[in-house]
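Text of protein-v3.cif (mmCIF, C-alpha atoms) as supplied:
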data_upload
loop_
_atom_site.label_atom_id
_atom_site.label_comp_id
_atom_site.auth_asym_id
_atom_site.auth_seq_id
_atom_site.Cartn_x
_atom_site.Cartn_y
_atom_site.Cartn_z
CA MET A 224 0.00 0.00 0.00
CA ASP A 225 1.35 3.42 -0.98
CA ALA A 226 1.80 5.97 1.84
CA ARG A 227 -0.44 8.35 -0.11
CA HIS A 228 -3.36 6.17 1.04
CA PHE A 229 -3.01 7.61 4.56
CA PHE A 230 -3.54 11.21 3.41
CA GLU A 231 -5.41 11.32 0.11
CA GLY A 232 -8.57 13.41 0.12
CA ARG A 233 -7.84 15.05 3.47
CA GLN A 234 -7.32 18.73 4.29
CA LEU A 235 -3.85 19.77 5.41
CA LEU A 236 -3.25 23.01 7.29
CA ILE A 237 -0.05 24.95 6.53
CA ALA A 238 0.82 26.85 9.72
CA THR A 239 2.47 30.01 8.40
CA GLN A 240 1.98 33.74 8.02
CA HIS A 241 4.99 34.42 5.80
CA GLY A 242 3.95 32.95 2.46
CA LYS A 243 5.58 29.53 2.81
CA GLU A 244 2.50 27.95 1.24
CA GLN A 245 3.87 29.20 -2.10
CA VAL A 246 6.40 26.34 -2.14
CA ILE A 247 4.87 23.89 0.36
CA ALA A 248 1.30 23.66 -0.97
CA PRO A 249 2.05 22.46 -4.53
CA LEU A 250 4.44 19.79 -3.25
CA VAL A 251 2.16 18.31 -0.56
CA GLU A 252 -0.92 18.40 -2.77
CA LYS A 253 0.84 16.53 -5.58
CA SER A 254 2.66 14.07 -3.34
CA LEU A 255 -0.04 13.29 -0.76
CA GLY A 256 -3.27 14.05 -2.59
CA VAL A 257 -4.37 16.52 0.11
CA THR A 258 -6.03 19.91 -0.14
CA ALA A 259 -3.66 22.47 1.43
CA LEU A 260 -5.18 25.34 3.40
CA THR A 261 -3.44 28.39 4.89
CA PRO A 262 -5.10 30.49 7.63
CA ASP A 263 -5.01 34.24 7.06
CA ASP A 264 -4.99 35.19 10.74
CA PHE A 265 -2.38 32.87 12.30
CA ASP A 266 0.32 34.94 14.06
CA THR A 267 3.50 32.86 14.21
CA ASP A 268 5.39 35.91 15.53
CA LEU A 269 3.88 35.16 18.95
CA LEU A 270 6.52 32.42 19.23
CA GLY A 271 9.44 34.70 18.36
CA THR A 272 10.77 37.00 15.67
CA PHE A 273 14.10 37.18 13.86
CA THR A 274 14.45 40.83 14.79
CA GLY A 275 14.08 40.32 18.53
CA GLU A 276 10.84 42.16 19.39
CA VAL A 277 9.56 38.78 20.61
CA GLU A 278 12.22 36.46 22.00
CA ARG A 279 11.96 32.78 21.12
CA GLY A 280 11.65 31.00 24.46
CA ASP A 281 12.28 27.47 23.18
CA ASP A 282 14.78 25.76 20.92
CA PRO A 283 13.86 25.59 17.20
CA LEU A 284 12.37 22.08 17.36
CA ALA A 285 10.22 22.85 20.40
CA THR A 286 9.09 26.07 18.74
CA LEU A 287 8.24 24.16 15.57
CA ARG A 288 6.14 21.60 17.44
CA LYS A 289 4.36 24.35 19.34
CA LYS A 290 3.60 26.25 16.13
CA CYS A 291 2.04 23.20 14.51
CA GLN A 292 0.07 22.19 17.61
CA MET A 293 -1.22 25.75 18.07
CA ALA A 294 -2.55 25.77 14.52
CA LEU A 295 -4.22 22.36 14.89
CA ASP A 296 -5.87 23.39 18.16
CA ARG A 297 -7.00 26.77 16.91
CA TYR A 298 -8.49 25.75 13.57
CA GLY A 299 -9.74 22.25 14.43
CA TYR A 300 -7.81 20.20 11.85
CA ASP A 301 -6.06 16.87 12.43
CA LEU A 302 -3.32 17.23 9.79
CA ALA A 303 -0.84 20.10 9.61
CA ILE A 304 2.63 21.05 8.42
CA ALA A 305 4.90 23.80 9.74
CA ASN A 306 8.42 25.10 9.24
CA GLU A 307 10.91 26.89 11.48
CA GLY A 308 14.21 28.35 10.32
CA SER A 309 17.28 29.53 12.20
CA PHE A 310 20.42 31.24 10.97
CA GLY A 311 24.03 31.47 12.04
CA PRO A 312 27.47 29.96 11.41
CA HIS A 313 27.50 26.56 9.69
CA PRO A 314 28.35 23.87 12.29
CA SER A 315 31.25 22.47 10.25
CA ALA A 316 32.10 25.48 8.08
CA TRP A 317 31.83 28.06 10.87
CA PHE A 318 33.24 30.85 8.68
CA ALA A 319 30.13 30.68 6.47
CA GLY A 320 26.51 31.51 7.25
CA ALA A 321 23.92 28.75 7.16
CA ASP A 322 20.17 28.38 6.86
CA ASP A 323 18.90 25.56 9.09
CA GLU A 324 15.30 24.68 8.19
CA LEU A 325 13.19 22.26 10.22
CA ILE A 326 9.85 21.05 8.90
CA ILE A 327 7.23 18.91 10.63
CA LEU A 328 4.11 17.02 9.59
CA ILE A 329 1.72 16.18 12.43
CA ASP A 330 -1.14 13.77 11.77
CA ARG A 331 -3.36 13.38 14.83
CA GLN A 332 -5.57 10.87 13.04
CA GLN A 333 -2.67 8.46 12.49
CA GLY A 334 -0.67 9.46 15.59
CA LEU A 335 2.29 10.55 13.47
CA GLU A 336 4.94 13.23 13.88
CA ILE A 337 7.41 13.31 10.99
CA ILE A 338 10.35 15.74 11.06
CA GLU A 339 12.99 16.60 8.47
CA ARG A 340 15.85 19.06 8.28
CA GLU A 341 17.70 20.91 5.53
CA LEU A 342 20.96 22.62 6.48
CA SER A 343 22.16 24.83 3.64
CA LEU A 344 25.00 27.21 2.87
CA GLN A 345 22.70 28.88 0.36
CA THR A 346 21.77 32.04 2.23
CA ASN A 347 22.26 35.79 1.89
CA LEU A 348 22.41 36.19 5.68
CA ALA A 349 24.29 39.38 6.52
CA GLY A 350 24.22 42.46 8.72
CA GLU A 351 26.46 45.51 8.94
CA THR A 352 26.73 48.95 10.50
CA ILE A 353 26.56 51.36 7.56
CA THR A 354 27.94 54.90 7.72
CA SER A 355 27.90 56.00 4.05
CA GLU A 356 25.63 55.79 1.02
CA ASN A 357 28.33 53.97 -0.96
CA ALA A 358 28.61 51.33 1.75
CA LEU A 359 24.81 51.06 1.78
CA ARG A 360 24.72 50.38 -1.96
CA THR A 361 27.53 47.83 -1.71
CA PHE A 362 25.78 45.97 1.10
CA ALA A 363 22.43 46.05 -0.73
CA ASP A 364 23.99 44.58 -3.89
CA LYS A 365 25.67 41.74 -1.98
CA ALA A 366 22.41 41.02 -0.14
CA LEU A 367 20.59 40.58 -3.51
CA PHE A 368 18.43 43.65 -2.90
CA PRO A 369 15.73 44.45 -3.97
CA SER A 370 14.57 40.89 -4.79
CA HIS A 371 15.61 40.08 -1.21
CA ARG A 372 14.33 42.68 1.22
CA LEU A 373 16.26 44.42 3.99
CA ILE A 374 15.77 45.56 7.59
CA LEU A 375 17.16 48.74 9.12
CA ARG A 376 17.56 49.73 12.77
CA ARG A 377 19.78 51.74 15.10
CA ASP A 378 22.13 48.86 15.96
CA ALA A 379 22.30 45.08 15.79
CA THR A 380 20.37 44.42 19.00
CA SER A 381 18.03 47.39 19.29
CA THR A 382 14.41 47.40 18.16
CA THR A 383 14.42 51.20 18.14
CA GLY A 384 13.48 52.66 14.77
CA LEU A 385 13.08 49.18 13.31
CA VAL A 386 11.98 49.18 9.65
CA LYS A 387 11.24 45.77 8.12
CA GLY A 388 10.58 44.55 4.60
CA ILE A 389 12.35 47.37 2.74
CA GLY A 390 12.05 46.56 -0.96
CA ASP A 391 13.06 49.68 -2.91
CA TRP A 392 16.05 52.00 -2.92
CA ASP A 393 14.21 55.22 -2.04
CA THR A 394 12.69 53.68 1.09
CA LEU A 395 16.03 52.19 2.11
CA LEU A 396 17.94 55.43 1.60
CA ASN A 397 15.36 57.56 3.41
CA ALA A 398 15.20 55.15 6.36
CA TRP A 399 19.01 55.04 6.57
CA ARG A 400 19.30 58.86 6.49
CA GLN A 401 16.62 59.28 9.14
CA THR A 402 18.24 56.71 11.42
CA MET A 403 21.66 58.33 10.98
CA GLU A 404 20.23 61.75 11.84
CA GLN A 405 18.44 60.48 14.95
CA HIS A 406 21.04 58.09 16.33
CA GLY A 407 24.31 58.75 14.55
CA CYS A 408 24.54 55.12 13.40
CA ALA A 409 22.49 52.65 11.37
CA TYR A 410 22.51 48.86 11.10
CA VAL A 411 21.28 47.17 7.92
CA GLU A 412 20.54 43.45 7.70
CA THR A 413 18.88 40.91 5.46
CA ASP A 414 15.19 40.23 6.05
CA MET A 415 15.10 36.48 6.65
CA ARG A 416 11.32 36.11 6.68
CA ALA A 417 10.45 33.63 3.95
CA HIS A 418 8.13 35.85 1.91
CA HIS A 419 10.89 38.48 1.64
CA ASN A 420 13.75 36.06 0.95
CA PRO A 421 13.60 33.93 -2.24
CA THR A 422 16.85 32.14 -1.39
CA ARG A 423 15.41 30.96 1.91
CA MET A 424 12.20 29.91 0.15
CA LYS A 425 14.22 27.55 -2.05
CA VAL A 426 15.74 25.92 1.05
CA ILE A 427 12.26 25.48 2.54
CA GLU A 428 11.20 23.88 -0.73
CA ARG A 429 14.07 21.38 -0.49
CA ALA A 430 13.21 20.65 3.17
CA THR A 431 9.63 19.91 2.11
CA GLU A 432 10.82 17.56 -0.62
CA LYS A 433 12.98 15.68 1.89
CA LEU A 434 10.06 15.46 4.32
CA LEU A 435 7.83 13.99 1.64
CA GLU A 436 10.52 11.46 0.74
CA LYS A 437 10.48 10.35 4.36
CA VAL A 438 6.66 10.28 4.47
CA HIS A 439 6.66 7.88 1.51
CA THR A 440 9.16 5.55 3.20
CA ARG A 441 7.24 2.90 5.12
CA CYS A 442 8.42 1.30 8.36
CA PRO A 443 9.53 -2.33 7.81
CA SER A 444 7.95 -3.27 11.14
CA CYS A 445 4.55 -1.51 11.36
CA GLU A 446 4.34 -0.12 7.78
CA ALA A 447 3.55 3.41 8.97
CA PRO A 448 4.77 6.35 6.88
CA GLY A 449 7.81 8.29 8.05
CA PHE A 450 10.69 5.82 8.32
CA GLY A 451 13.87 7.85 7.96
CA ILE A 452 17.33 8.79 9.17
CA VAL A 453 17.55 10.09 12.74
CA ARG A 454 21.29 9.96 13.35
CA ALA A 455 24.64 9.05 11.82
CA VAL A 456 27.13 6.47 13.09
CA LYS A 457 30.76 7.52 12.72
CA GLY A 458 33.66 5.14 12.18
CA LEU A 459 34.23 4.62 8.44
CA PRO A 460 37.64 2.86 8.40
CA CYS A 461 40.72 4.46 6.87
CA SER A 462 41.83 2.74 3.65
CA LEU A 463 45.49 2.89 4.78
CA CYS A 464 45.58 2.07 8.51
CA HIS A 465 42.04 0.67 8.85
CA GLN A 466 41.42 2.68 12.02
CA PRO A 467 37.95 4.22 12.42
CA THR A 468 37.63 7.83 11.25
CA GLN A 469 35.10 10.53 12.07
CA SER A 470 33.41 9.97 8.71
CA THR A 471 29.98 8.37 8.56
CA LEU A 472 29.94 4.58 8.54
CA ALA A 473 26.17 4.11 8.61
CA TYR A 474 22.85 5.80 9.33
CA VAL A 475 20.21 4.79 11.86
CA CYS A 476 16.65 5.01 10.59
CA GLN A 477 13.66 5.15 12.91
CA CYS A 478 9.91 4.84 12.53
CA ALA A 479 7.95 7.99 13.37
CA LYS A 480 5.18 5.88 14.94
CA CYS A 481 6.41 2.65 16.55
CA GLY A 482 10.06 3.67 17.10
CA HIS A 483 11.50 0.66 15.24
CA GLU A 484 15.15 1.25 14.30
CA ALA A 485 17.36 -0.19 11.59
CA GLU A 486 20.91 0.59 10.52
CA ARG A 487 21.74 1.33 6.92
CA ARG A 488 25.26 1.36 5.55
CA HIS A 489 26.68 4.34 3.68
CA PRO A 490 24.11 5.25 0.98
CA HIS A 491 26.78 5.43 -1.76
CA GLY A 492 28.28 2.06 -0.87
CA LYS A 493 31.45 3.65 0.50
CA THR A 494 33.39 1.20 2.70
CA GLN A 495 36.68 3.07 3.30
CA GLU A 496 37.78 6.66 3.85
CA ASP A 497 40.66 8.55 2.25
CA PRO A 498 43.67 8.74 4.65
CA MET A 499 43.58 12.55 4.41
CA TYR A 500 40.50 12.41 6.69
CA CYS A 501 42.11 10.02 9.18
CA ASN A 502 43.28 11.34 12.55
CA TYR A 503 46.01 8.69 12.67
CA CYS A 504 47.43 9.08 9.16
CA ASN A 505 46.84 12.82 8.94
CA PRO A 506 46.74 14.14 12.53
#

Take the structure in the file and write it out as structure tokens.
Amino acid sequence: MDARHFFEGRQLLIATQHGKEQVIAPLVEKSLGVTALTPDDFDTDLLGTFTGEVERGDDPLATLRKKCQMALDRYGYDLAIANEGSFGPHPSAWFAGADDELIILIDRQQGLEIIERELSLQTNLAGETITSENALRTFADKALFPSHRLILRRDATSTTGLVKGIGDWDTLLNAWRQTMEQHGCAYVETDMRAHHNPTRMKVIERATEKLLEKVHTRCPSCEAPGFGIVRAVKGLPCSLCHQPTQSTLAYVCQCAKCGHEAERRHPHGKTQEDPMYCNYCNP
């Protein structure tokens, strides 16, 4: 039985206020046979904002679960999907910014919670104190403005004089001049809200695709949808000294419903690691 059988003909709520349904809705409707609905009065900013007016009290995964559960409770559906993004240094390439997108599908009818993640270096994440019009133009160009909108405020942590969603040069220049006159400094940053950031929207799209791949993978034990990778096992042996390295040897997959686990070897059939990645041969 195809996993689509569990969802076909049902209504799925997309818990967002920032236009994420643009990429999520077509994918879930085609893949699962659902009708995707997006509420027009659901305020996800209550759980935190990128710009700090509302602090996020929980970690990203807890916030994501809360967002989805809030939407289900408020609108009375039993099937919903939600996304939560966070930004900062990449965990292994710390010198580069990263977009870390979590996405969740909660099905109360089936008792399922399926989660996927997409960690991407594809982001225009940036922020800078700007003291001249030339510097403002340079920053705006690098940030892919105006297709990607900007935010302006007094400094990196203040919400004073905060202007969001700036999408044209005249508005940006006027806001920068006014902030400089009032405070003597101005901080410009990328607007990371999905509907103002096409690059982020593409990462959300990829996260949705990965989630749907997991949904369509059935558990070998109970046959529920949502059997997928939950963690990696390190220890791929070095081809020269045969000692275990920090590279991935296998992946552990787990069922989203019954918790059944199974180990899968490296997906590309790799059985040995290059000595350049070995702590013994190349300390």

Using only C-alpha atoms, which residues sit within 12 Å of Met499 of chain A once same-chain residues fewer than 5 positions away are excluded, as a PDB file with C-alpha atoms, keeping the file's coordinate frame?
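Printed below is result_7.pdb as written:
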ATOM      1  CA  CYS A 461      40.720   4.460   6.870  1.00  0.00           C
ATOM      2  CA  SER A 462      41.830   2.740   3.650  1.00  0.00           C
ATOM      3  CA  LEU A 463      45.490   2.890   4.780  1.00  0.00           C
ATOM      4  CA  CYS A 464      45.580   2.070   8.510  1.00  0.00           C
ATOM      5  CA  THR A 468      37.630   7.830  11.250  1.00  0.00           C
ATOM      6  CA  GLN A 469      35.100  10.530  12.070  1.00  0.00           C
ATOM      7  CA  SER A 470      33.410   9.970   8.710  1.00  0.00           C
ATOM      8  CA  CYS A 504      47.430   9.080   9.160  1.00  0.00           C
ATOM      9  CA  ASN A 505      46.840  12.820   8.940  1.00  0.00           C
ATOM     10  CA  PRO A 506      46.740  14.140  12.530  1.00  0.00           C
TER      11      PRO A 506
END

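Matched in the shown structure by the PyMOL selection byres ((chain A and resi 438) around 8): Ala226, Ile337, Leu434, Leu435, Glu436, Lys437, His439, Thr440, Arg441, Pro448, Gly449 and Phe450 of chain A.
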
For Gln234 of chain A, the nearest of the candidates A:Pro443, A:Gly451, A:Gly271, A:Gly299, counting only C-alpha atoms |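 Answer, going by the shortest atom-to-atom distance: A:Gly299.
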
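When the distance limit is 10 Å and all atoms listed in the file are what count, the residues near Asp330 of chain A, minus those fewer than 6 positions from it on the same chain, are Phe229, Phe230, Leu235, Leu295, Tyr300, Asp301, Leu302, Ala303, Ile304, Glu336 and Ile337 of chain A.
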
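The coordinates place atom CA of Thr239 of chain A at 15.7 Å from atom CA of Val426 of chain A.
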
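For the residues A:Lys290, A:Arg331, A:Arg423, A:Arg372, ranking by smallest atom-to-atom distance to Phe310 of chain A using all atoms listed in the file places A:Arg423 first.
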
Report task. Evaluate the PyMOL selection byres ((chain A and resi 387) around 8) on the structure here and hand back the selected residues as a PyMOL selection string. Result -> chain A and resi 373-375+385-386+388-389+414

Could the residues in this selection be saved with C-alpha atoms as a PDB file, in the frame of the given file?
ATOM      1  CA  LEU A 373      16.260  44.420   3.990  1.00  0.00           C
ATOM      2  CA  ILE A 374      15.770  45.560   7.590  1.00  0.00           C
ATOM      3  CA  LEU A 375      17.160  48.740   9.120  1.00  0.00           C
ATOM      4  CA  LEU A 385      13.080  49.180  13.310  1.00  0.00           C
ATOM      5  CA  VAL A 386      11.980  49.180   9.650  1.00  0.00           C
ATOM      6  CA  GLY A 388      10.580  44.550   4.600  1.00  0.00           C
ATOM      7  CA  ILE A 389      12.350  47.370   2.740  1.00  0.00           C
ATOM      8  CA  ASP A 414      15.190  40.230   6.050  1.00  0.00           C
TER       9      ASP A 414
END

From atom CA of Ala349 of chain A to atom CA of Pro314 of chain A the spacing works out at 17.0 Å

Determine, counting all atoms listed in the file, which protein, DNA and RNA residues have an atom within 9 Å of an atom of Val411 of chain A; residues of the same chain fewer than 4 positions away are not included. Present the result as a list in words.
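Within the cut-off, the hits are Ala349, Gly350, Glu351, Thr352, Ile353, Leu359, Phe362, Ala363, Leu373, Ile374, Leu375, Arg376, Arg377, Asp378, Ala379 and Trp399 of chain A.
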
Could you write out that same residue set with C-alpha atoms as a compact mmCIF listing (two decimals), keeping the file's coordinate frame?
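Ended up saving to part-v3.txt:
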# COMPACT_ATOMS: atom_id res chain seq x y z
CA ALA A 349 24.29 39.38 6.52
CA GLY A 350 24.22 42.46 8.72
CA GLU A 351 26.46 45.51 8.94
CA THR A 352 26.73 48.95 10.50
CA ILE A 353 26.56 51.36 7.56
CA LEU A 359 24.81 51.06 1.78
CA PHE A 362 25.78 45.97 1.10
CA ALA A 363 22.43 46.05 -0.73
CA LEU A 373 16.26 44.42 3.99
CA ILE A 374 15.77 45.56 7.59
CA LEU A 375 17.16 48.74 9.12
CA ARG A 376 17.56 49.73 12.77
CA ARG A 377 19.78 51.74 15.10
CA ASP A 378 22.13 48.86 15.96
CA ALA A 379 22.30 45.08 15.79
CA TRP A 399 19.01 55.04 6.57

*asked:* Just want the 10 Å neighbourhood of Glu278 of chain A, counted on all atoms listed in the file, with same-chain residues fewer than 5 positions away dropped. Output as a VMD selection string.
replied: chain A and resid 268 to 273

task = Please provide as a PyMOL selection string all residues within 12 Å of segment 481-489 of chain A, with the sequence filter that same-chain residues fewer than 3 positions apart are discarded (counting all atoms listed in the file).
result = chain A and resi 333-337+441-459+470-478+492-496

Atom CA of Glu324 of chain A sits from atom CA of Glu341 of chain A at a separation of 5.2 Å

Answer key for the PyMOL selection byres ((chain A and resi 246-253) around 12), residues as a ChimeraX atom specification:
/A:227,230-239,241-245,254-261,302-306,326-328,417-418,421-436,438-439

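Closest approach to Gly320 of chain A from the set A:Met293, A:Leu342, A:Ala398, A:Leu348 is made by A:Leu348, with distances taken over only C-alpha atoms.
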
Discussion item. Ranking A:Leu396, A:Leu284, A:Cys501, A:Met415 by minimum distance to Glu339 of chain A and counting all atoms listed in the file, which one comes first?
Written reply: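 For Glu339 of chain A, the nearest of the given residues is A:Leu284.
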
Counting all atoms listed in the file, the residue among A:Ala479, A:Ala358, A:Ala319, A:Leu325 that lies closest to Pro283 of chain A is A:Leu325

Legend entry - Shortest interatomic distance to Asp282 of chain A - which of A:Ser381, A:Ser315, A:Ser309, A:Asn420, counting only C-alpha atoms: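 That would be A:Ser309, the residue with the smallest distance to Asp282 of chain A.
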
Please give the centre and size of the box around segment 310-324 of chain A (axis-aligned, containing every atom listed in the file, 4 Å added per side), with values in Å to one decimal and written as AutoDock Vina command-line options.
--center_x 24.3 --center_y 27.0 --center_z 9.4 --size_x 25.9 --size_y 17.0 --size_z 13.8

Could you pull segment 361-390 of chain A out of the block above and give me N, CA and C atoms, as a PDB file, in the first residue's frame?
ATOM      1  N   THR A 361      26.720  49.048  -1.623  1.00  0.00           N
ATOM      2  CA  THR A 361      27.532  47.831  -1.705  1.00  0.00           C
ATOM      3  C   THR A 361      26.894  46.691  -0.933  1.00  0.00           C
ATOM      4  N   PHE A 362      26.444  46.996   0.287  1.00  0.00           N
ATOM      5  CA  PHE A 362      25.782  45.968   1.095  1.00  0.00           C
ATOM      6  C   PHE A 362      24.511  45.480   0.408  1.00  0.00           C
ATOM      7  N   ALA A 363      23.700  46.410  -0.090  1.00  0.00           N
ATOM      8  CA  ALA A 363      22.432  46.049  -0.731  1.00  0.00           C
ATOM      9  C   ALA A 363      22.665  45.133  -1.928  1.00  0.00           C
ATOM     10  N   ASP A 364      23.693  45.420  -2.722  1.00  0.00           N
ATOM     11  CA  ASP A 364      23.993  44.581  -3.886  1.00  0.00           C
ATOM     12  C   ASP A 364      24.381  43.167  -3.462  1.00  0.00           C
ATOM     13  N   LYS A 365      25.239  43.057  -2.455  1.00  0.00           N
ATOM     14  CA  LYS A 365      25.673  41.740  -1.984  1.00  0.00           C
ATOM     15  C   LYS A 365      24.512  40.956  -1.378  1.00  0.00           C
ATOM     16  N   ALA A 366      23.559  41.661  -0.787  1.00  0.00           N
ATOM     17  CA  ALA A 366      22.410  41.021  -0.144  1.00  0.00           C
ATOM     18  C   ALA A 366      21.298  40.676  -1.129  1.00  0.00           C
ATOM     19  N   LEU A 367      21.548  40.904  -2.440  1.00  0.00           N
ATOM     20  CA  LEU A 367      20.591  40.576  -3.510  1.00  0.00           C
ATOM     21  C   LEU A 367      19.339  41.457  -3.470  1.00  0.00           C
ATOM     22  N   PHE A 368      19.493  42.645  -2.931  1.00  0.00           N
ATOM     23  CA  PHE A 368      18.429  43.648  -2.897  1.00  0.00           C
ATOM     24  C   PHE A 368      18.204  44.185  -4.313  1.00  0.00           C
ATOM     25  N   PRO A 369      16.971  44.436  -4.757  1.00  0.00           N
ATOM     26  CA  PRO A 369      15.728  44.454  -3.974  1.00  0.00           C
ATOM     27  C   PRO A 369      14.902  43.170  -4.014  1.00  0.00           C
ATOM     28  N   SER A 370      15.350  42.131  -4.772  1.00  0.00           N
ATOM     29  CA  SER A 370      14.566  40.890  -4.794  1.00  0.00           C
ATOM     30  C   SER A 370      14.511  40.267  -3.407  1.00  0.00           C
ATOM     31  N   HIS A 371      15.559  40.488  -2.606  1.00  0.00           N
ATOM     32  CA  HIS A 371      15.611  40.081  -1.213  1.00  0.00           C
ATOM     33  C   HIS A 371      15.541  41.355  -0.358  1.00  0.00           C
ATOM     34  N   ARG A 372      14.560  41.434   0.489  1.00  0.00           N
ATOM     35  CA  ARG A 372      14.332  42.681   1.222  1.00  0.00           C
ATOM     36  C   ARG A 372      15.276  42.842   2.407  1.00  0.00           C
ATOM     37  N   LEU A 373      15.327  44.073   2.926  1.00  0.00           N
ATOM     38  CA  LEU A 373      16.256  44.418   3.993  1.00  0.00           C
ATOM     39  C   LEU A 373      15.526  44.978   5.205  1.00  0.00           C
ATOM     40  N   ILE A 374      16.249  45.002   6.324  1.00  0.00           N
ATOM     41  CA  ILE A 374      15.766  45.557   7.588  1.00  0.00           C
ATOM     42  C   ILE A 374      16.769  46.609   8.045  1.00  0.00           C
ATOM     43  N   LEU A 375      16.272  47.680   8.624  1.00  0.00           N
ATOM     44  CA  LEU A 375      17.157  48.737   9.117  1.00  0.00           C
ATOM     45  C   LEU A 375      16.767  49.104  10.542  1.00  0.00           C
ATOM     46  N   ARG A 376      17.780  49.304  11.381  1.00  0.00           N
ATOM     47  CA  ARG A 376      17.560  49.726  12.771  1.00  0.00           C
ATOM     48  C   ARG A 376      18.781  50.480  13.288  1.00  0.00           C
ATOM     49  N   ARG A 377      18.699  50.933  14.527  1.00  0.00           N
ATOM     50  CA  ARG A 377      19.776  51.736  15.098  1.00  0.00           C
ATOM     51  C   ARG A 377      21.064  50.921  15.235  1.00  0.00           C
ATOM     52  N   ASP A 378      20.966  49.734  15.816  1.00  0.00           N
ATOM     53  CA  ASP A 378      22.127  48.864  15.957  1.00  0.00           C
ATOM     54  C   ASP A 378      21.660  47.413  15.917  1.00  0.00           C
ATOM     55  N   ALA A 379      22.597  46.486  16.027  1.00  0.00           N
ATOM     56  CA  ALA A 379      22.302  45.079  15.786  1.00  0.00           C
ATOM     57  C   ALA A 379      21.319  44.469  16.777  1.00  0.00           C
ATOM     58  N   THR A 380      21.222  45.021  17.977  1.00  0.00           N
ATOM     59  CA  THR A 380      20.368  44.416  18.999  1.00  0.00           C
ATOM     60  C   THR A 380      19.158  45.258  19.363  1.00  0.00           C
ATOM     61  N   SER A 381      19.112  46.484  18.920  1.00  0.00           N
ATOM     62  CA  SER A 381      18.026  47.387  19.294  1.00  0.00           C
ATOM     63  C   SER A 381      16.809  47.205  18.390  1.00  0.00           C
ATOM     64  N   THR A 382      15.637  47.378  18.963  1.00  0.00           N
ATOM     65  CA  THR A 382      14.413  47.399  18.157  1.00  0.00           C
ATOM     66  C   THR A 382      13.933  48.838  17.935  1.00  0.00           C
ATOM     67  N   THR A 383      14.743  49.791  18.338  1.00  0.00           N
ATOM     68  CA  THR A 383      14.417  51.201  18.138  1.00  0.00           C
ATOM     69  C   THR A 383      14.514  51.574  16.656  1.00  0.00           C
ATOM     70  N   GLY A 384      13.471  52.217  16.157  1.00  0.00           N
ATOM     71  CA  GLY A 384      13.476  52.660  14.768  1.00  0.00           C
ATOM     72  C   GLY A 384      13.524  51.519  13.773  1.00  0.00           C
ATOM     73  N   LEU A 385      13.017  50.366  14.151  1.00  0.00           N
ATOM     74  CA  LEU A 385      13.082  49.176  13.305  1.00  0.00           C
ATOM     75  C   LEU A 385      12.168  49.324  12.085  1.00  0.00           C
ATOM     76  N   VAL A 386      12.743  49.142  10.899  1.00  0.00           N
ATOM     77  CA  VAL A 386      11.975  49.184   9.655  1.00  0.00           C
ATOM     78  C   VAL A 386      12.199  47.860   8.922  1.00  0.00           C
ATOM     79  N   LYS A 387      11.131  47.093   8.744  1.00  0.00           N
ATOM     80  CA  LYS A 387      11.243  45.775   8.116  1.00  0.00           C
ATOM     81  C   LYS A 387      10.754  45.812   6.666  1.00  0.00           C
ATOM     82  N   GLY A 388      11.137  44.766   5.932  1.00  0.00           N
ATOM     83  CA  GLY A 388      10.578  44.548   4.604  1.00  0.00           C
ATOM     84  C   GLY A 388      10.854  45.643   3.598  1.00  0.00           C
ATOM     85  N   ILE A 389      12.013  46.283   3.682  1.00  0.00           N
ATOM     86  CA  ILE A 389      12.350  47.366   2.744  1.00  0.00           C
ATOM     87  C   ILE A 389      12.659  46.749   1.374  1.00  0.00           C
ATOM     88  N   GLY A 390      11.915  47.192   0.353  1.00  0.00           N
ATOM     89  CA  GLY A 390      12.053  46.560  -0.956  1.00  0.00           C
ATOM     90  C   GLY A 390      12.354  47.497  -2.110  1.00  0.00           C
TER      91      GLY A 390
END
